[in-house]
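Asks: My structure is below; once you've seen it, I'll send some questions.
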Amino acid sequence: MSPEFSANAAVPPMVRWWVFVAILTAALFAAPYFMDDAFQLDISIIFVFALLALSMGFLWGYAGILSFGQTIFFGLGGYSYAILALNLGSTNLPFLGALALPAIFAALLGYFMIYGRISDIYLSVITLVVTLIFEKSVRSTSGPEYVIGSVRLNGQNGIPGVPALTLPWLSEPLSISGVYYLAGGAMLFMYVALRMLLTTRLGRVLVGIRENEKRMELLGYDTRLYKLCAFVIAGTVAALSGVLYALWGNFVAPEMFNLNQAAQVVIWVIVGGRSTLIGPMVGAGLVQYLSNWLGTVGVGQVTLVLGLVLMVFVRLFSRGMLPSIGDAIERLRGRHNSNGSPL
Amino acid sequence: MSEQKPILWTKGLERHFGGVRAVAGVDFSLQQGELRCLIGPNGAGKSTFFKMITGQLRPSAGEIHVAGQSIRNAEPHEIAARGVGIKNQVPDVMNGLRVRENLWLAASSKWRGSKAVTAVDRIAERLSLTRILGRLVGELAHGQRQWVEIGMVIVAEPKIVLLDEPTAGMSDEETTLTAELIREINKDMTIVVVEHDMQFIRQIARMVTVFHRGRVLMEDTFDQVVANPTVRDVYLGRAKGG
């Protein structure tokens, strides 16, 4: 997996990476034959969160932008799909609309922050504040007057009965297995797409900006434009995750925007490691699995235990789990081959 | 040469930091194809002057023109696109990326596809970096990083190259090679070099501009400048007033 690590991101993936993707794809498609519906649901939500973590991993790890509020787009994606699908009575156009609207919002928000040249720390704060504003605003829409088209926003109760997606080539709405395949497929597709993006000029310039923005400007790059592109791409991926979340639970709620959710995304990326794309996804899976397991074995203070686990993780794997494992493998290889270059 | 319009000129250029006038009214003119050295004691305003030319700092007053256009309010990337490249005093590279990627990013600001790759190979060969193209820049010695940065600046063939202390931290051999390189690239590019190493300046410079307390103290040939008693006093710290 080392080709994906930051310094090697520009190099097109090697054969072994494609083999890894092929195995993942095969496992993803075969798994439902060995799982019941409940287990498929559990795995589907991990895919949804892995996609959200991927959006943050790309933005933070490769473009150097820590958006504390990826949940803005996660929530907007979910709400846009719910409102559009319930109003229009169809699902395909709302699916696309629910990606486009958050993307437009990301472009606007990103434009004012990035072209306004606010510092990185303020960008983190502003994105966090924006997601909290969304949460607060949505929570305060419980009255009957808060209606978009024919859909009541329902405040903190959220919008139930979000229609399942009916793909254009299918006559039936997606079943539990369908949602599993859609979420898993979307996660894998975006992982491969973003990995390939890193080998393009845009991806390579973004990594250059993360490494030394001033130097990139002095080389003639309008870094603001590239950062805005990254922000919009990551926002759209987060929106896709939000739509899938709505499809998974047939439900959207203000919690999609809240601080707990926003902080979790950051934790997933920290645990998995932000200098890879796969790391944040694995981080999301692990944390999600752990919190589910802690819940089922009856540990009362799930958040407290997760906090302790996070502290141990940060202490043991300062760069995140996957990069630390990658480093250890590199060191072992170096020991076996004294002439081994760091390549 | 004086008949030509200058490729770079400044008039009354100033930069204040609070009450300190780091650059206090510099009139400077550079003809196309020149190789000029800027000298002066620490704090004379040379690096601040470079930063204003490249848009890293906005002037407090005065004018800067590059190739006939004012760049007073231009962004750094716009100035770079007009053909001004700079190597800053401290190596300013992407330490976490490999030498090849650093050079490619620089080349890609001008070229696409195979042209950028060819430019990288060409510059790597010219600067003897081919052997270390796969190394992480952060793992290189200081002198090698200086060369990587020089490579990054010249790979896109800018019209004007500003080099701020290009030989800092280099061995004698590397310094001599750098002097040769600068003379060679001067065949295609206009160059301004800030340096303290007088031996190095002797090897490359025809004209020298002396900065002192944010102003141009004098401008003449190297021999005239080193023979000037005021310049010697400035370097020895005995100058009176400005």
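Chain identifiers are assigned as A, B, and so on, following the order in which chains appear in the structure tokens; residues are numbered from 1 within each chain, and ligands are numbered from 1 in order of appearance.
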With a cut-off of 10 Å and counting only C-alpha atoms, select all residues of chain B in contact with chain A and give the selection as an NGL selection string.
Replies: :B and (54-56 or 75-88 or 92-98 or 101-102 or 104-110 or 112-113 or 134-136 or 139 or 149 or 152-153 or 156 or 158)
Asks: Give me a file of those residues, with C-alpha atoms, as a CSV table (one decimal), in the first residue's frame.
Replies:
```csv
chain,number,residue,atom,x,y,z
B,54,THR,CA,7.8,38.6,-6.1
B,55,GLY,CA,4.6,39.8,-4.4
B,56,GLN,CA,5.4,38.1,-1.1
B,75,GLU,CA,-0.4,38.3,-6.5
B,76,PRO,CA,2.8,36.1,-6.3
B,77,HIS,CA,1.4,33.6,-8.8
B,78,GLU,CA,0.6,36.4,-11.3
B,79,ILE,CA,4.2,37.7,-10.9
B,80,ALA,CA,5.6,34.3,-11.4
B,81,ALA,CA,3.5,33.8,-14.5
B,82,ARG,CA,5.0,37.0,-15.9
B,83,GLY,CA,8.4,35.3,-15.6
B,84,VAL,CA,9.9,36.2,-12.2
B,85,GLY,CA,11.4,33.2,-10.3
B,86,ILE,CA,12.9,33.4,-6.9
B,87,LYS,CA,15.1,31.2,-4.7
B,88,ASN,CA,14.6,32.4,-1.2
B,92,ASP,CA,12.0,26.8,0.3
B,93,VAL,CA,11.1,23.5,-1.2
B,94,MET,CA,8.7,20.6,-0.6
B,95,ASN,CA,10.7,18.6,1.9
B,96,GLY,CA,8.1,15.8,2.1
B,97,LEU,CA,8.3,15.1,-1.6
B,98,ARG,CA,11.0,13.6,-3.8
B,101,GLU,CA,8.2,15.7,-7.8
B,102,ASN,CA,9.6,19.1,-6.7
B,104,TRP,CA,8.0,18.4,-11.9
B,105,LEU,CA,5.7,20.8,-10.0
B,106,ALA,CA,8.0,23.6,-11.0
B,107,ALA,CA,8.1,22.5,-14.6
B,108,SER,CA,4.3,21.9,-14.7
B,109,SER,CA,3.6,25.5,-13.9
B,110,LYS,CA,4.6,26.2,-17.5
B,112,ARG,CA,2.0,20.0,-19.6
B,113,GLY,CA,2.5,16.3,-20.2
B,134,GLY,CA,14.1,9.6,-6.2
B,135,ARG,CA,15.3,11.0,-2.8
B,136,LEU,CA,13.1,12.9,-0.4
B,139,GLU,CA,16.7,14.0,3.5
B,149,GLU,CA,15.5,25.0,-5.4
B,152,MET,CA,12.9,24.5,-9.5
B,153,VAL,CA,13.4,28.2,-10.2
B,156,ALA,CA,10.3,26.9,-16.1
B,158,PRO,CA,11.7,32.6,-16.2
```
Asks: Extract the full set of helix (DSSP H, G or I) residues from region 95-152 of chain B according to DSSP on the backbone, and format it as a ChimeraX atom specification.
Replies: /B:99-108,113-126,130-132,137-139,142-152
Asks: Nearest to Val179 (chain A) among A:Ser142, A:Gln40, A:Thr25, A:Asn157, with distances taken over only C-alpha atoms: which residue is it?
Replies: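 Ranked by minimum distance to Val179 (chain A), first place goes to A:Gln40.
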Asks: Point out the residue among B:Val66, B:Ile191, B:Ile154, B:Val231 with the least atom-to-atom distance to Ile123 (chain B), counting only C-alpha atoms.
Replies: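 For Ile123 (chain B), the nearest of the candidates is B:Ile154.
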Asks: Excluding same-chain residues fewer than 2 positions from Gln4 (chain B), what lies within 12 Å of it counting only C-alpha atoms, as a JSON list (two decimals) with C-alpha atoms, in the first residue's frame?
Replies:
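Wrote it out as out32.json, contents follow:
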```json
[["chain", "number", "residue", "atom", "x", "y", "z"],
["B", 1, "MET", "CA", 22.41, 48.43, -23.24],
["B", 2, "SER", "CA", 21.17, 51.66, -21.65],
["B", 6, "PRO", "CA", 14.64, 47.96, -18.40],
["B", 7, "ILE", "CA", 13.04, 44.56, -17.82],
["B", 8, "LEU", "CA", 12.67, 45.41, -14.13],
["B", 29, "SER", "CA", 16.78, 49.36, -12.83],
["B", 30, "LEU", "CA", 17.77, 46.13, -14.51],
["B", 31, "GLN", "CA", 18.34, 45.57, -18.21],
["B", 32, "GLN", "CA", 17.44, 42.36, -19.98],
["B", 33, "GLY", "CA", 20.31, 39.86, -19.91],
["B", 34, "GLU", "CA", 22.06, 41.49, -16.95],
["B", 67, "ALA", "CA", 8.47, 43.82, -18.56],
["B", 68, "GLY", "CA", 6.62, 47.11, -18.87]]
```
Asks: Looking at B:Glu180, B:Glu174, B:Asp220, B:Asp164, which one is nearest to Val194 (chain B), with distances taken over only C-alpha atoms?
Replies: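 Looking only at the distances to Val194 (chain B), the closest residue turns out to be B:Asp164.
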Asks: Write out as a ChimeraX atom specification which residues come within 12 Å of Trp18 (chain A) when counting only C-alpha atoms, dropping same-chain ones fewer than 4 positions away.
Replies: /A:1,3-4,12-14,22-25,188,191-192,195-196
Asks: Those same residues - N, CA and C atoms - I'd like them written as a PDB file, in the first residue's frame.
Replies:
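Output saved as part21.pdb:
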```pdb
ATOM      1  N   MET A   1       0.813  -1.211   0.000  1.00  0.00           N
ATOM      2  CA  MET A   1       0.000   0.000   0.000  1.00  0.00           C
ATOM      3  C   MET A   1       0.847   1.261   0.000  1.00  0.00           C
ATOM      4  N   PRO A   3       2.534   2.825  -2.163  1.00  0.00           N
ATOM      5  CA  PRO A   3       2.461   3.840  -3.217  1.00  0.00           C
ATOM      6  C   PRO A   3       1.480   4.952  -2.906  1.00  0.00           C
ATOM      7  N   GLU A   4       0.558   4.690  -2.003  1.00  0.00           N
ATOM      8  CA  GLU A   4      -0.448   5.697  -1.732  1.00  0.00           C
ATOM      9  C   GLU A   4       0.052   6.726  -0.719  1.00  0.00           C
ATOM     10  N   PRO A  12       1.556   6.493 -10.287  1.00  0.00           N
ATOM     11  CA  PRO A  12       0.357   5.668 -10.514  1.00  0.00           C
ATOM     12  C   PRO A  12       0.455   4.376  -9.708  1.00  0.00           C
ATOM     13  N   PRO A  13      -0.679   3.892  -9.209  1.00  0.00           N
ATOM     14  CA  PRO A  13      -0.659   2.705  -8.359  1.00  0.00           C
ATOM     15  C   PRO A  13      -0.021   1.512  -9.068  1.00  0.00           C
ATOM     16  N   MET A  14       0.660   0.698  -8.253  1.00  0.00           N
ATOM     17  CA  MET A  14       1.322  -0.481  -8.822  1.00  0.00           C
ATOM     18  C   MET A  14       0.317  -1.619  -8.962  1.00  0.00           C
ATOM     19  N   ALA A  22      -9.001  -5.283  -6.397  1.00  0.00           N
ATOM     20  CA  ALA A  22      -9.790  -6.386  -6.974  1.00  0.00           C
ATOM     21  C   ALA A  22     -10.271  -7.337  -5.874  1.00  0.00           C
ATOM     22  N   ILE A  23      -9.381  -7.626  -4.914  1.00  0.00           N
ATOM     23  CA  ILE A  23      -9.763  -8.527  -3.805  1.00  0.00           C
ATOM     24  C   ILE A  23     -10.872  -7.871  -2.972  1.00  0.00           C
ATOM     25  N   LEU A  24     -10.697  -6.567  -2.698  1.00  0.00           N
ATOM     26  CA  LEU A  24     -11.728  -5.847  -1.936  1.00  0.00           C
ATOM     27  C   LEU A  24     -13.069  -5.912  -2.653  1.00  0.00           C
ATOM     28  N   THR A  25     -13.018  -5.689  -3.984  1.00  0.00           N
ATOM     29  CA  THR A  25     -14.255  -5.693  -4.774  1.00  0.00           C
ATOM     30  C   THR A  25     -14.916  -7.069  -4.722  1.00  0.00           C
ATOM     31  N   LEU A 188     -15.873   2.143  -2.699  1.00  0.00           N
ATOM     32  CA  LEU A 188     -14.732   1.638  -3.476  1.00  0.00           C
ATOM     33  C   LEU A 188     -14.442   2.526  -4.681  1.00  0.00           C
ATOM     34  N   TYR A 191     -12.828   5.700  -3.567  1.00  0.00           N
ATOM     35  CA  TYR A 191     -11.462   5.434  -3.130  1.00  0.00           C
ATOM     36  C   TYR A 191     -10.524   5.346  -4.343  1.00  0.00           C
ATOM     37  N   VAL A 192     -10.956   4.569  -5.340  1.00  0.00           N
ATOM     38  CA  VAL A 192     -10.128   4.418  -6.542  1.00  0.00           C
ATOM     39  C   VAL A 192     -10.042   5.754  -7.289  1.00  0.00           C
ATOM     40  N   ARG A 195      -7.769   8.107  -5.478  1.00  0.00           N
ATOM     41  CA  ARG A 195      -6.383   7.633  -5.612  1.00  0.00           C
ATOM     42  C   ARG A 195      -5.829   7.994  -6.985  1.00  0.00           C
ATOM     43  N   MET A 196      -6.656   7.829  -8.011  1.00  0.00           N
ATOM     44  CA  MET A 196      -6.212   8.170  -9.359  1.00  0.00           C
ATOM     45  C   MET A 196      -6.078   9.686  -9.518  1.00  0.00           C
TER      46      MET A 196
END
```
Asks: With a distance cut-off of 12 Å and only C-alpha atoms, select the neighbouring residues of Phe317 (chain A), excluding the residue or stretch itself and same-chain residues fewer than 6 positions from it, and output the selection as a list in words.
Replies: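 Within the cut-off, the hits are Ile270, Val271, Gly272, Gly273, Arg274, Val309, Leu310, Met311, Pro323, Ser324, Ile325, Gly326, Asp327 and Ala328 of chain A.
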Asks: Counting only C-alpha atoms, figure out which residue out of A:Ala85, A:Tyr181, A:Ser124, A:Pro94 gets nearest to Ala30 (chain A).
Replies: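 Of A:Ala85, A:Tyr181, A:Ser124, A:Pro94, the one nearest Ala30 (chain A) is A:Tyr181, counting only C-alpha atoms.
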Asks: What lies within 12 Å of Ala124 (chain B) using only C-alpha atoms, ignoring chain neighbours under 2 positions off, as an MDAnalysis selection string?
Replies: chainID B and resid 99:104 107 117:122 126:134 144 147:152 154:155
Asks: Considering only C-alpha atoms, return as a PDB file with N, CA and C atoms, in the first residue's frame whatever protein or nucleic-acid residues lie within 8 Å of Thr71 (chain A), sequence-local ones (same chain, fewer than 4 positions apart) excluded.
Replies:
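Full text of around_10.pdb as output:
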```
ATOM      1  N   GLY A  75     -24.767  16.307   6.018  1.00  0.00           N
ATOM      2  CA  GLY A  75     -26.144  16.634   6.377  1.00  0.00           C
ATOM      3  C   GLY A  75     -26.908  17.219   5.210  1.00  0.00           C
ATOM      4  N   THR A 131     -21.447  24.101  10.483  1.00  0.00           N
ATOM      5  CA  THR A 131     -22.209  22.856  10.689  1.00  0.00           C
ATOM      6  C   THR A 131     -23.094  22.973  11.940  1.00  0.00           C
ATOM      7  N   ALA A 238     -18.575  13.903   0.645  1.00  0.00           N
ATOM      8  CA  ALA A 238     -19.291  13.882   1.932  1.00  0.00           C
ATOM      9  C   ALA A 238     -20.806  13.898   1.687  1.00  0.00           C
ATOM     10  N   MET A 256     -27.063  14.687  11.987  1.00  0.00           N
ATOM     11  CA  MET A 256     -26.083  14.553  10.895  1.00  0.00           C
ATOM     12  C   MET A 256     -25.110  15.720  10.887  1.00  0.00           C
ATOM     13  N   PHE A 257     -25.574  16.868  11.415  1.00  0.00           N
ATOM     14  CA  PHE A 257     -24.724  18.070  11.404  1.00  0.00           C
ATOM     15  C   PHE A 257     -23.987  18.283  12.732  1.00  0.00           C
ATOM     16  N   ASN A 258     -24.282  17.499  13.760  1.00  0.00           N
ATOM     17  CA  ASN A 258     -23.892  17.939  15.107  1.00  0.00           C
ATOM     18  C   ASN A 258     -22.408  17.737  15.439  1.00  0.00           C
ATOM     19  N   GLN A 261     -20.965  14.188  15.597  1.00  0.00           N
ATOM     20  CA  GLN A 261     -20.698  13.605  14.289  1.00  0.00           C
ATOM     21  C   GLN A 261     -19.455  14.240  13.658  1.00  0.00           C
ATOM     22  N   ALA A 262     -19.366  15.585  13.769  1.00  0.00           N
ATOM     23  CA  ALA A 262     -18.228  16.304  13.178  1.00  0.00           C
ATOM     24  C   ALA A 262     -16.915  15.842  13.805  1.00  0.00           C
TER      25      ALA A 262
END
```
Asks: Please, which residues of region 12-144 of chain B, numbered as in this document, come out strand (DSSP E or B) from DSSP, as a PDB file with N, CA and C atoms, in the first residue's frame?
Replies:
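Just written: out-v3.pdb:
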```
ATOM      1  N   GLY B  12      11.164  54.721  -6.001  1.00  0.00           N
ATOM      2  CA  GLY B  12      10.706  55.142  -4.664  1.00  0.00           C
ATOM      3  C   GLY B  12      10.114  54.010  -3.853  1.00  0.00           C
ATOM      4  N   LEU B  13      10.635  52.807  -4.048  1.00  0.00           N
ATOM      5  CA  LEU B  13      10.044  51.631  -3.407  1.00  0.00           C
ATOM      6  C   LEU B  13      10.322  51.630  -1.900  1.00  0.00           C
ATOM      7  N   GLU B  14       9.241  51.463  -1.139  1.00  0.00           N
ATOM      8  CA  GLU B  14       9.385  51.475   0.320  1.00  0.00           C
ATOM      9  C   GLU B  14       8.597  50.334   0.941  1.00  0.00           C
ATOM     10  N   ARG B  15       9.104  49.863   2.049  1.00  0.00           N
ATOM     11  CA  ARG B  15       8.351  48.901   2.849  1.00  0.00           C
ATOM     12  C   ARG B  15       8.628  49.200   4.327  1.00  0.00           C
ATOM     13  N   HIS B  16       7.552  49.453   5.038  1.00  0.00           N
ATOM     14  CA  HIS B  16       7.670  49.764   6.461  1.00  0.00           C
ATOM     15  C   HIS B  16       7.146  48.597   7.287  1.00  0.00           C
ATOM     16  N   PHE B  17       7.828  48.307   8.365  1.00  0.00           N
ATOM     17  CA  PHE B  17       7.321  47.352   9.363  1.00  0.00           C
ATOM     18  C   PHE B  17       7.130  48.149  10.643  1.00  0.00           C
ATOM     19  N   VAL B  20       9.679  50.912  11.386  1.00  0.00           N
ATOM     20  CA  VAL B  20      10.970  50.622  10.743  1.00  0.00           C
ATOM     21  C   VAL B  20      10.796  50.653   9.228  1.00  0.00           C
ATOM     22  N   ARG B  21      11.669  51.393   8.564  1.00  0.00           N
ATOM     23  CA  ARG B  21      11.626  51.433   7.095  1.00  0.00           C
ATOM     24  C   ARG B  21      12.682  50.463   6.575  1.00  0.00           C
ATOM     25  N   ALA B  22      12.247  49.222   6.337  1.00  0.00           N
ATOM     26  CA  ALA B  22      13.200  48.190   5.900  1.00  0.00           C
ATOM     27  C   ALA B  22      13.734  48.507   4.509  1.00  0.00           C
ATOM     28  N   VAL B  23      12.847  49.005   3.653  1.00  0.00           N
ATOM     29  CA  VAL B  23      13.261  49.520   2.339  1.00  0.00           C
ATOM     30  C   VAL B  23      12.740  50.946   2.276  1.00  0.00           C
ATOM     31  N   ALA B  24      13.656  51.890   2.013  1.00  0.00           N
ATOM     32  CA  ALA B  24      13.297  53.295   2.216  1.00  0.00           C
ATOM     33  C   ALA B  24      13.518  54.137   0.960  1.00  0.00           C
ATOM     34  N   GLY B  25      12.836  53.745  -0.126  1.00  0.00           N
ATOM     35  CA  GLY B  25      12.925  54.549  -1.341  1.00  0.00           C
ATOM     36  C   GLY B  25      13.993  54.050  -2.294  1.00  0.00           C
ATOM     37  N   VAL B  26      13.789  52.859  -2.826  1.00  0.00           N
ATOM     38  CA  VAL B  26      14.801  52.280  -3.726  1.00  0.00           C
ATOM     39  C   VAL B  26      14.422  52.535  -5.185  1.00  0.00           C
ATOM     40  N   ASP B  27      15.338  53.152  -5.904  1.00  0.00           N
ATOM     41  CA  ASP B  27      15.220  53.286  -7.357  1.00  0.00           C
ATOM     42  C   ASP B  27      16.207  52.287  -7.952  1.00  0.00           C
ATOM     43  N   PHE B  28      15.685  51.347  -8.696  1.00  0.00           N
ATOM     44  CA  PHE B  28      16.517  50.254  -9.187  1.00  0.00           C
ATOM     45  C   PHE B  28      16.116  49.961 -10.615  1.00  0.00           C
ATOM     46  N   SER B  29      17.091  49.646 -11.429  1.00  0.00           N
ATOM     47  CA  SER B  29      16.783  49.360 -12.826  1.00  0.00           C
ATOM     48  C   SER B  29      17.663  48.226 -13.330  1.00  0.00           C
ATOM     49  N   LEU B  30      17.046  47.312 -14.055  1.00  0.00           N
ATOM     50  CA  LEU B  30      17.768  46.126 -14.515  1.00  0.00           C
ATOM     51  C   LEU B  30      17.468  45.902 -15.992  1.00  0.00           C
ATOM     52  N   LEU B  35      23.408  40.451 -15.269  1.00  0.00           N
ATOM     53  CA  LEU B  35      23.669  39.618 -14.090  1.00  0.00           C
ATOM     54  C   LEU B  35      24.130  40.580 -12.998  1.00  0.00           C
ATOM     55  N   ARG B  36      23.237  40.883 -12.100  1.00  0.00           N
ATOM     56  CA  ARG B  36      23.503  41.905 -11.089  1.00  0.00           C
ATOM     57  C   ARG B  36      23.628  41.263  -9.717  1.00  0.00           C
ATOM     58  N   CYS B  37      24.563  41.766  -8.936  1.00  0.00           N
ATOM     59  CA  CYS B  37      24.671  41.309  -7.553  1.00  0.00           C
ATOM     60  C   CYS B  37      24.194  42.408  -6.617  1.00  0.00           C
ATOM     61  N   LEU B  38      23.445  42.019  -5.613  1.00  0.00           N
ATOM     62  CA  LEU B  38      23.068  42.961  -4.556  1.00  0.00           C
ATOM     63  C   LEU B  38      23.870  42.579  -3.326  1.00  0.00           C
ATOM     64  N   ILE B  39      24.560  43.556  -2.774  1.00  0.00           N
ATOM     65  CA  ILE B  39      25.274  43.278  -1.527  1.00  0.00           C
ATOM     66  C   ILE B  39      24.843  44.310  -0.484  1.00  0.00           C
ATOM     67  N   ALA B  61       5.036  51.976  -0.359  1.00  0.00           N
ATOM     68  CA  ALA B  61       4.979  53.079  -1.322  1.00  0.00           C
ATOM     69  C   ALA B  61       5.886  52.734  -2.490  1.00  0.00           C
ATOM     70  N   GLY B  62       5.684  53.442  -3.597  1.00  0.00           N
ATOM     71  CA  GLY B  62       6.571  53.270  -4.747  1.00  0.00           C
ATOM     72  C   GLY B  62       6.006  52.371  -5.828  1.00  0.00           C
ATOM     73  N   GLU B  63       6.795  52.191  -6.851  1.00  0.00           N
ATOM     74  CA  GLU B  63       6.370  51.458  -8.050  1.00  0.00           C
ATOM     75  C   GLU B  63       7.322  50.312  -8.359  1.00  0.00           C
ATOM     76  N   ILE B  64       6.768  49.214  -8.890  1.00  0.00           N
ATOM     77  CA  ILE B  64       7.593  48.126  -9.431  1.00  0.00           C
ATOM     78  C   ILE B  64       7.027  47.769 -10.801  1.00  0.00           C
ATOM     79  N   HIS B  65       7.882  47.726 -11.799  1.00  0.00           N
ATOM     80  CA  HIS B  65       7.447  47.315 -13.136  1.00  0.00           C
ATOM     81  C   HIS B  65       8.290  46.146 -13.622  1.00  0.00           C
ATOM     82  N   VAL B  66       7.605  45.140 -14.147  1.00  0.00           N
ATOM     83  CA  VAL B  66       8.301  44.008 -14.767  1.00  0.00           C
ATOM     84  C   VAL B  66       7.830  43.920 -16.216  1.00  0.00           C
ATOM     85  N   GLN B  69       5.057  46.260 -17.207  1.00  0.00           N
ATOM     86  CA  GLN B  69       3.767  46.268 -16.497  1.00  0.00           C
ATOM     87  C   GLN B  69       3.973  46.438 -14.998  1.00  0.00           C
ATOM     88  N   SER B  70       3.085  47.205 -14.381  1.00  0.00           N
ATOM     89  CA  SER B  70       3.174  47.382 -12.934  1.00  0.00           C
ATOM     90  C   SER B  70       2.756  46.089 -12.237  1.00  0.00           C
ATOM     91  N   VAL B  84       8.942  35.859 -13.328  1.00  0.00           N
ATOM     92  CA  VAL B  84       9.884  36.164 -12.246  1.00  0.00           C
ATOM     93  C   VAL B  84       9.972  34.926 -11.338  1.00  0.00           C
ATOM     94  N   GLY B  85      11.174  34.404 -11.206  1.00  0.00           N
ATOM     95  CA  GLY B  85      11.383  33.245 -10.333  1.00  0.00           C
ATOM     96  C   GLY B  85      12.314  33.621  -9.201  1.00  0.00           C
ATOM     97  N   ILE B  86      12.086  33.041  -8.029  1.00  0.00           N
ATOM     98  CA  ILE B  86      12.943  33.380  -6.887  1.00  0.00           C
ATOM     99  C   ILE B  86      13.379  32.144  -6.122  1.00  0.00           C
ATOM    100  N   LYS B  87      14.636  32.164  -5.705  1.00  0.00           N
ATOM    101  CA  LYS B  87      15.131  31.197  -4.727  1.00  0.00           C
ATOM    102  C   LYS B  87      15.309  31.976  -3.441  1.00  0.00           C
ATOM    103  N   ARG B  98       9.675  14.028  -3.225  1.00  0.00           N
ATOM    104  CA  ARG B  98      10.953  13.642  -3.823  1.00  0.00           C
ATOM    105  C   ARG B  98      11.458  14.740  -4.751  1.00  0.00           C
ATOM    106  N   LEU B 136      13.917  11.872  -1.065  1.00  0.00           N
ATOM    107  CA  LEU B 136      13.073  12.898  -0.450  1.00  0.00           C
ATOM    108  C   LEU B 136      13.928  14.139  -0.229  1.00  0.00           C
TER     109      LEU B 136
END
```
